[in-house]
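Some notes on the structure that comes next.
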Amino acid sequence: MVPPPFAADWARVNPLFCRFNEGKWKIATMADKSKIGVKLPPYVLKVERVKIRELMGAIGDDNPIYLDKSKAEAEGYPDTPCPPTYITMAFQEFTGAYLEIFKMLDVPLEHVLHGEEEYGYNAEIFPGDVLHCQLSCESIIEKKTKSGSLDLITLQTIFTNQKDQTVLKARSLIIERL
Amino acid sequence: MAVYVNFSHMQVGDMLPTVEKDPVTKTQLVRYAGASGDFNPLHTDDAVAQKAGLKGVIAQGPLIMGFVGQAITHWVSKRDLKRFQVRFKGMTFPGDIISVSATITKKVPEGENLRILCHTEAKDQKGALKLTGQFEVLYPVDIS
């Protein structure tokens, strides 16, 4: 007989301290602070014109500099630059980056809230660019509130293009509620 | 060519012209899910949202950030935008009409440019806050 896992014993004592994650009981702890500095293996995002159009269509933004190369050239760009929030798609299902980092940090998705998002722009991103993406966990800060404690997890991603130029730095503040 | 805000003639405390969006639609949330890769069913499936205790699907936070991004590069040239940060404050539902406003909070000369900091907010038709944020612009002063 397989002995019950440690966390399952805790679940019998107080189910509030435990959570069921990926088929296993785990003791409910906040994100592990030793994981500050943890990095995802670098991944690649190809910038595709059709995805820019799709994003612009969804937002309802018809700004021609993002859609029409001749309009962008008239404003002095070599091609249509990416809109300010294009990079949002670098973290979700197309790359799996958020899922991977939450797994590494042992943070269950259903406890996660997206608190803040910040983009620092160093250079333009154009269709055809191949972005090298480096995501790391910058900090984990525990915060006590009236309703319990929260972990404030800051993720940082540095985007470098095929010319080895850092084009953008993104920072996401993720709130983990216990 | 687009006509952008002329910061040379504006002061700290001045507001940029508010941008009002069309009402958010469920179709838009589905399109944004596909465009962004955020396939959390909370944004596209009313039954899932209701199970989570909501009256129905809610918009993706980054969609509202996208609205603000649209407003910003309506006000300023993309190449002059240096930083953009938002804090998500409230849920947006289909039918909500989002307005994006911005106020100049800092204007500092930097070489031949002006470094401009603006506070921005997105609110619905009832005035409920969806997000607050700030953005930084390096504005080239036209000396001609």
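Chain labels A, B, ... are given in the sequence in which chains occur in the structure tokens; within each chain residues are numbered consecutively from 1, and ligands are likewise numbered from 1 in the order shown.
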
Taking only C-alpha atoms into account, which residues of chain A are within 10 Å of chain B, as an mmCIF file with N, CA and C atoms, in the first residue's frame?
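Final output, saved to result_37.cif:
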```cif
data_model
loop_
_atom_site.group_PDB
_atom_site.id
_atom_site.type_symbol
_atom_site.label_atom_id
_atom_site.label_comp_id
_atom_site.auth_asym_id
_atom_site.auth_seq_id
_atom_site.Cartn_x
_atom_site.Cartn_y
_atom_site.Cartn_z
ATOM 1 N N VAL A 50 0.022 39.308 -39.760
ATOM 2 C CA VAL A 50 -1.384 38.923 -39.616
ATOM 3 C C VAL A 50 -1.825 38.977 -38.141
ATOM 4 N N LYS A 51 -0.892 38.674 -37.211
ATOM 5 C CA LYS A 51 -1.238 38.735 -35.780
ATOM 6 C C LYS A 51 -1.402 40.189 -35.329
ATOM 7 N N ILE A 52 -0.637 41.082 -35.939
ATOM 8 C CA ILE A 52 -0.802 42.506 -35.607
ATOM 9 C C ILE A 52 -2.186 42.974 -36.057
ATOM 10 N N ARG A 53 -2.561 42.589 -37.273
ATOM 11 C CA ARG A 53 -3.878 42.970 -37.812
ATOM 12 C C ARG A 53 -4.995 42.417 -36.931
ATOM 13 N N GLU A 54 -4.811 41.165 -36.499
ATOM 14 C CA GLU A 54 -5.815 40.498 -35.674
ATOM 15 C C GLU A 54 -5.991 41.246 -34.343
ATOM 16 N N LEU A 55 -4.865 41.625 -33.746
ATOM 17 C CA LEU A 55 -4.903 42.354 -32.477
ATOM 18 C C LEU A 55 -5.565 43.727 -32.657
ATOM 19 N N MET A 56 -5.182 44.427 -33.717
ATOM 20 C CA MET A 56 -5.770 45.743 -33.984
ATOM 21 C C MET A 56 -7.276 45.615 -34.187
ATOM 22 N N GLY A 57 -7.700 44.556 -34.912
ATOM 23 C CA GLY A 57 -9.120 44.328 -35.153
ATOM 24 C C GLY A 57 -9.863 44.067 -33.854
ATOM 25 N N ALA A 58 -9.257 43.291 -32.967
ATOM 26 C CA ALA A 58 -9.901 42.955 -31.695
ATOM 27 C C ALA A 58 -10.026 44.187 -30.804
ATOM 28 N N ILE A 59 -8.986 45.011 -30.783
ATOM 29 C CA ILE A 59 -9.015 46.231 -29.959
ATOM 30 C C ILE A 59 -9.980 47.249 -30.570
ATOM 31 N N GLY A 60 -10.107 47.206 -31.903
ATOM 32 C CA GLY A 60 -10.919 48.212 -32.586
ATOM 33 C C GLY A 60 -10.106 49.470 -32.848
ATOM 34 N N ASP A 61 -8.818 49.275 -33.085
ATOM 35 C CA ASP A 61 -7.893 50.379 -33.338
ATOM 36 C C ASP A 61 -7.579 50.378 -34.839
ATOM 37 N N ASP A 62 -7.904 51.459 -35.518
ATOM 38 C CA ASP A 62 -7.666 51.488 -36.969
ATOM 39 C C ASP A 62 -6.500 52.409 -37.345
ATOM 40 N N ASN A 63 -5.618 52.679 -36.389
ATOM 41 C CA ASN A 63 -4.464 53.539 -36.643
ATOM 42 C C ASN A 63 -3.649 52.992 -37.826
ATOM 43 N N PRO A 64 -3.590 53.741 -38.945
ATOM 44 C CA PRO A 64 -2.980 53.175 -40.165
ATOM 45 C C PRO A 64 -1.484 52.896 -40.059
ATOM 46 N N ILE A 65 -0.778 53.519 -39.103
ATOM 47 C CA ILE A 65 0.671 53.254 -39.081
ATOM 48 C C ILE A 65 0.993 51.810 -38.688
ATOM 49 N N TYR A 66 0.028 51.131 -38.050
ATOM 50 C CA TYR A 66 0.238 49.728 -37.665
ATOM 51 C C TYR A 66 -0.233 48.752 -38.746
ATOM 52 N N LYS A 71 1.684 54.188 -45.071
ATOM 53 C CA LYS A 71 1.382 55.218 -44.057
ATOM 54 C C LYS A 71 2.504 55.268 -43.012
ATOM 55 N N ALA A 72 3.023 54.087 -42.663
ATOM 56 C CA ALA A 72 4.132 54.033 -41.699
ATOM 57 C C ALA A 72 5.370 54.692 -42.294
ATOM 58 N N ALA A 74 5.440 57.009 -44.479
ATOM 59 C CA ALA A 74 5.221 58.463 -44.520
ATOM 60 C C ALA A 74 5.572 59.111 -43.181
ATOM 61 N N GLU A 75 5.509 58.315 -42.105
ATOM 62 C CA GLU A 75 5.899 58.844 -40.783
ATOM 63 C C GLU A 75 7.345 58.494 -40.445
ATOM 64 N N GLY A 76 8.066 57.966 -41.414
ATOM 65 C CA GLY A 76 9.502 57.738 -41.230
ATOM 66 C C GLY A 76 9.899 56.377 -40.696
ATOM 67 N N TYR A 77 8.941 55.428 -40.652
ATOM 68 C CA TYR A 77 9.276 54.065 -40.209
ATOM 69 C C TYR A 77 9.643 53.218 -41.435
ATOM 70 N N PRO A 81 5.330 49.649 -37.470
ATOM 71 C CA PRO A 81 5.806 49.229 -36.138
ATOM 72 C C PRO A 81 4.709 48.446 -35.419
ATOM 73 N N CYS A 82 5.068 47.731 -34.366
ATOM 74 C CA CYS A 82 4.057 47.036 -33.561
ATOM 75 C C CYS A 82 3.374 48.027 -32.623
ATOM 76 N N PRO A 83 2.058 47.870 -32.401
ATOM 77 C CA PRO A 83 1.354 48.746 -31.453
ATOM 78 C C PRO A 83 1.858 48.522 -30.019
ATOM 79 N N PRO A 84 1.580 49.468 -29.108
ATOM 80 C CA PRO A 84 2.168 49.420 -27.762
ATOM 81 C C PRO A 84 1.900 48.142 -26.981
ATOM 82 N N THR A 85 0.747 47.501 -27.235
ATOM 83 C CA THR A 85 0.426 46.312 -26.435
ATOM 84 C C THR A 85 0.581 45.018 -27.231
ATOM 85 N N TYR A 86 1.254 45.078 -28.380
ATOM 86 C CA TYR A 86 1.473 43.860 -29.172
ATOM 87 C C TYR A 86 2.081 42.746 -28.320
ATOM 88 N N ILE A 87 3.015 43.111 -27.478
ATOM 89 C CA ILE A 87 3.847 42.123 -26.779
ATOM 90 C C ILE A 87 3.047 41.282 -25.781
ATOM 91 N N THR A 88 1.818 41.726 -25.461
ATOM 92 C CA THR A 88 0.929 40.953 -24.579
ATOM 93 C C THR A 88 0.830 39.492 -25.027
ATOM 94 N N MET A 89 0.894 39.259 -26.346
ATOM 95 C CA MET A 89 0.703 37.886 -26.831
ATOM 96 C C MET A 89 1.926 36.996 -26.617
ATOM 97 N N ALA A 90 3.000 37.569 -26.073
ATOM 98 C CA ALA A 90 4.227 36.789 -25.857
ATOM 99 C C ALA A 90 4.153 35.890 -24.623
ATOM 100 N N PHE A 91 3.068 35.998 -23.842
ATOM 101 C CA PHE A 91 3.035 35.291 -22.558
ATOM 102 C C PHE A 91 1.990 34.188 -22.485
ATOM 103 N N GLN A 92 1.017 34.239 -23.404
ATOM 104 C CA GLN A 92 -0.136 33.353 -23.261
ATOM 105 C C GLN A 92 0.065 32.034 -23.996
ATOM 106 N N GLU A 93 -1.019 31.516 -24.563
ATOM 107 C CA GLU A 93 -0.985 30.150 -25.101
ATOM 108 C C GLU A 93 -0.012 29.940 -26.254
ATOM 109 N N PHE A 94 0.291 31.016 -27.006
ATOM 110 C CA PHE A 94 1.160 30.821 -28.166
ATOM 111 C C PHE A 94 2.570 30.419 -27.736
ATOM 112 N N THR A 95 2.969 30.851 -26.539
ATOM 113 C CA THR A 95 4.306 30.518 -26.050
ATOM 114 C C THR A 95 4.242 29.635 -24.801
ATOM 115 N N GLY A 96 3.145 29.752 -24.054
ATOM 116 C CA GLY A 96 3.011 28.991 -22.819
ATOM 117 C C GLY A 96 3.879 29.525 -21.682
ATOM 118 N N LEU A 113 -4.050 36.509 -9.954
ATOM 119 C CA LEU A 113 -4.682 37.719 -10.498
ATOM 120 C C LEU A 113 -3.591 38.542 -11.167
ATOM 121 N N HIS A 114 -3.949 39.164 -12.265
ATOM 122 C CA HIS A 114 -2.984 40.017 -12.960
ATOM 123 C C HIS A 114 -3.160 41.435 -12.412
ATOM 124 N N GLY A 115 -2.151 41.921 -11.691
ATOM 125 C CA GLY A 115 -2.289 43.217 -11.028
ATOM 126 C C GLY A 115 -1.826 44.395 -11.866
ATOM 127 N N GLU A 116 -0.646 44.261 -12.424
ATOM 128 C CA GLU A 116 -0.077 45.381 -13.191
ATOM 129 C C GLU A 116 0.686 44.850 -14.388
ATOM 130 N N GLU A 117 0.843 45.719 -15.370
ATOM 131 C CA GLU A 117 1.625 45.374 -16.563
ATOM 132 C C GLU A 117 2.371 46.633 -17.005
ATOM 133 N N GLU A 118 3.645 46.452 -17.332
ATOM 134 C CA GLU A 118 4.452 47.617 -17.708
ATOM 135 C C GLU A 118 5.357 47.273 -18.887
ATOM 136 N N TYR A 119 5.419 48.165 -19.856
ATOM 137 C CA TYR A 119 6.304 47.974 -21.000
ATOM 138 C C TYR A 119 7.250 49.164 -21.113
ATOM 139 N N GLY A 120 8.534 48.870 -21.223
ATOM 140 C CA GLY A 120 9.541 49.908 -21.484
ATOM 141 C C GLY A 120 10.025 49.710 -22.907
ATOM 142 N N TYR A 121 9.928 50.756 -23.711
ATOM 143 C CA TYR A 121 10.228 50.624 -25.145
ATOM 144 C C TYR A 121 11.614 51.187 -25.450
ATOM 145 N N ASN A 122 12.475 50.331 -25.992
ATOM 146 C CA ASN A 122 13.814 50.792 -26.369
ATOM 147 C C ASN A 122 13.934 51.019 -27.866
ATOM 148 N N ALA A 123 13.261 50.180 -28.658
ATOM 149 C CA ALA A 123 13.315 50.312 -30.115
ATOM 150 C C ALA A 123 12.050 49.687 -30.693
ATOM 151 N N GLU A 124 11.744 50.016 -31.931
ATOM 152 C CA GLU A 124 10.519 49.495 -32.548
ATOM 153 C C GLU A 124 10.660 48.002 -32.879
ATOM 154 N N LEU A 168 12.499 45.726 -25.992
ATOM 155 C CA LEU A 168 11.427 45.975 -25.032
ATOM 156 C C LEU A 168 11.697 45.221 -23.740
ATOM 157 N N LYS A 169 11.301 45.834 -22.626
ATOM 158 C CA LYS A 169 11.324 45.136 -21.340
ATOM 159 C C LYS A 169 9.914 45.165 -20.780
ATOM 160 N N ALA A 170 9.419 43.998 -20.408
ATOM 161 C CA ALA A 170 8.069 43.918 -19.864
ATOM 162 C C ALA A 170 8.145 43.498 -18.406
ATOM 163 N N ARG A 171 7.215 44.023 -17.621
ATOM 164 C CA ARG A 171 7.147 43.631 -16.218
ATOM 165 C C ARG A 171 5.683 43.359 -15.886
ATOM 166 N N SER A 172 5.425 42.205 -15.318
ATOM 167 C CA SER A 172 4.052 41.860 -14.924
ATOM 168 C C SER A 172 4.020 41.648 -13.421
ATOM 169 N N LEU A 173 3.065 42.272 -12.772
ATOM 170 C CA LEU A 173 2.864 42.019 -11.351
ATOM 171 C C LEU A 173 1.710 41.040 -11.209
#
```

* Asked: Per DSSP on the backbone, what are the strand (DSSP E) residues of range 5-137 of chain B, as a PyMOL selection string?
  -> chain B and resi 15-20+81-88+99-110+113-123+129-137

Given the selection you just returned, output its residues as a file containing C-alpha atoms, formatted as a PDB file, in the first residue's frame.
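Here's the written file result27.pdb:
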```pdb
ATOM      1  CA  MET B  15      -5.837  66.960 -19.933  1.00  0.00           C
ATOM      2  CA  LEU B  16      -5.450  65.269 -23.290  1.00  0.00           C
ATOM      3  CA  PRO B  17      -8.659  64.865 -25.351  1.00  0.00           C
ATOM      4  CA  THR B  18     -10.591  61.875 -23.944  1.00  0.00           C
ATOM      5  CA  VAL B  19     -10.974  58.874 -26.272  1.00  0.00           C
ATOM      6  CA  GLU B  20     -14.322  57.057 -26.077  1.00  0.00           C
ATOM      7  CA  LEU B  81       6.378  56.544 -26.320  1.00  0.00           C
ATOM      8  CA  LYS B  82       9.043  55.241 -23.924  1.00  0.00           C
ATOM      9  CA  ARG B  83       7.140  53.584 -21.108  1.00  0.00           C
ATOM     10  CA  PHE B  84       3.560  52.474 -20.453  1.00  0.00           C
ATOM     11  CA  GLN B  85       2.338  50.955 -17.209  1.00  0.00           C
ATOM     12  CA  VAL B  86      -1.128  50.009 -16.009  1.00  0.00           C
ATOM     13  CA  ARG B  87      -2.710  48.746 -12.819  1.00  0.00           C
ATOM     14  CA  PHE B  88      -5.886  46.707 -13.300  1.00  0.00           C
ATOM     15  CA  SER B  99     -13.391  56.185 -21.986  1.00  0.00           C
ATOM     16  CA  VAL B 100      -9.661  56.758 -21.763  1.00  0.00           C
ATOM     17  CA  SER B 101      -8.430  60.015 -20.264  1.00  0.00           C
ATOM     18  CA  ALA B 102      -4.979  61.344 -19.476  1.00  0.00           C
ATOM     19  CA  THR B 103      -3.503  64.256 -17.534  1.00  0.00           C
ATOM     20  CA  ILE B 104       0.017  65.648 -17.775  1.00  0.00           C
ATOM     21  CA  THR B 105       1.779  65.147 -14.434  1.00  0.00           C
ATOM     22  CA  LYS B 106       5.342  66.124 -15.357  1.00  0.00           C
ATOM     23  CA  LYS B 107       6.994  68.158 -18.099  1.00  0.00           C
ATOM     24  CA  VAL B 108      10.785  68.386 -17.925  1.00  0.00           C
ATOM     25  CA  PRO B 109      13.184  69.611 -20.639  1.00  0.00           C
ATOM     26  CA  GLU B 110      15.756  66.982 -21.600  1.00  0.00           C
ATOM     27  CA  ASN B 113      13.268  67.147 -26.016  1.00  0.00           C
ATOM     28  CA  LEU B 114      10.593  67.334 -23.386  1.00  0.00           C
ATOM     29  CA  ARG B 115      10.133  64.391 -21.074  1.00  0.00           C
ATOM     30  CA  ILE B 116       6.396  64.174 -20.440  1.00  0.00           C
ATOM     31  CA  LEU B 117       4.741  61.982 -17.831  1.00  0.00           C
ATOM     32  CA  CYS B 118       0.989  61.430 -17.987  1.00  0.00           C
ATOM     33  CA  HIS B 119      -1.456  59.749 -15.647  1.00  0.00           C
ATOM     34  CA  THR B 120      -4.131  57.810 -17.485  1.00  0.00           C
ATOM     35  CA  GLU B 121      -7.441  56.213 -16.510  1.00  0.00           C
ATOM     36  CA  ALA B 122     -10.006  53.998 -18.201  1.00  0.00           C
ATOM     37  CA  LYS B 123     -13.574  54.268 -16.894  1.00  0.00           C
ATOM     38  CA  LEU B 129     -12.579  52.718 -12.792  1.00  0.00           C
ATOM     39  CA  LYS B 130     -11.176  49.837 -14.873  1.00  0.00           C
ATOM     40  CA  LEU B 131      -7.518  50.706 -14.788  1.00  0.00           C
ATOM     41  CA  THR B 132      -5.113  53.462 -13.902  1.00  0.00           C
ATOM     42  CA  GLY B 133      -1.708  53.886 -15.401  1.00  0.00           C
ATOM     43  CA  GLN B 134       1.023  56.152 -16.539  1.00  0.00           C
ATOM     44  CA  PHE B 135       3.026  56.676 -19.659  1.00  0.00           C
ATOM     45  CA  GLU B 136       6.200  58.514 -20.473  1.00  0.00           C
ATOM     46  CA  VAL B 137       6.889  60.352 -23.702  1.00  0.00           C
TER      47      VAL B 137
END
```

* Apply DSSP to the backbone of this structure and, from chain B, keep only the residues in alpha helix (DSSP H); write these as a VMD selection string. => chain B and resid 26 to 36 46 to 51 61 to 75
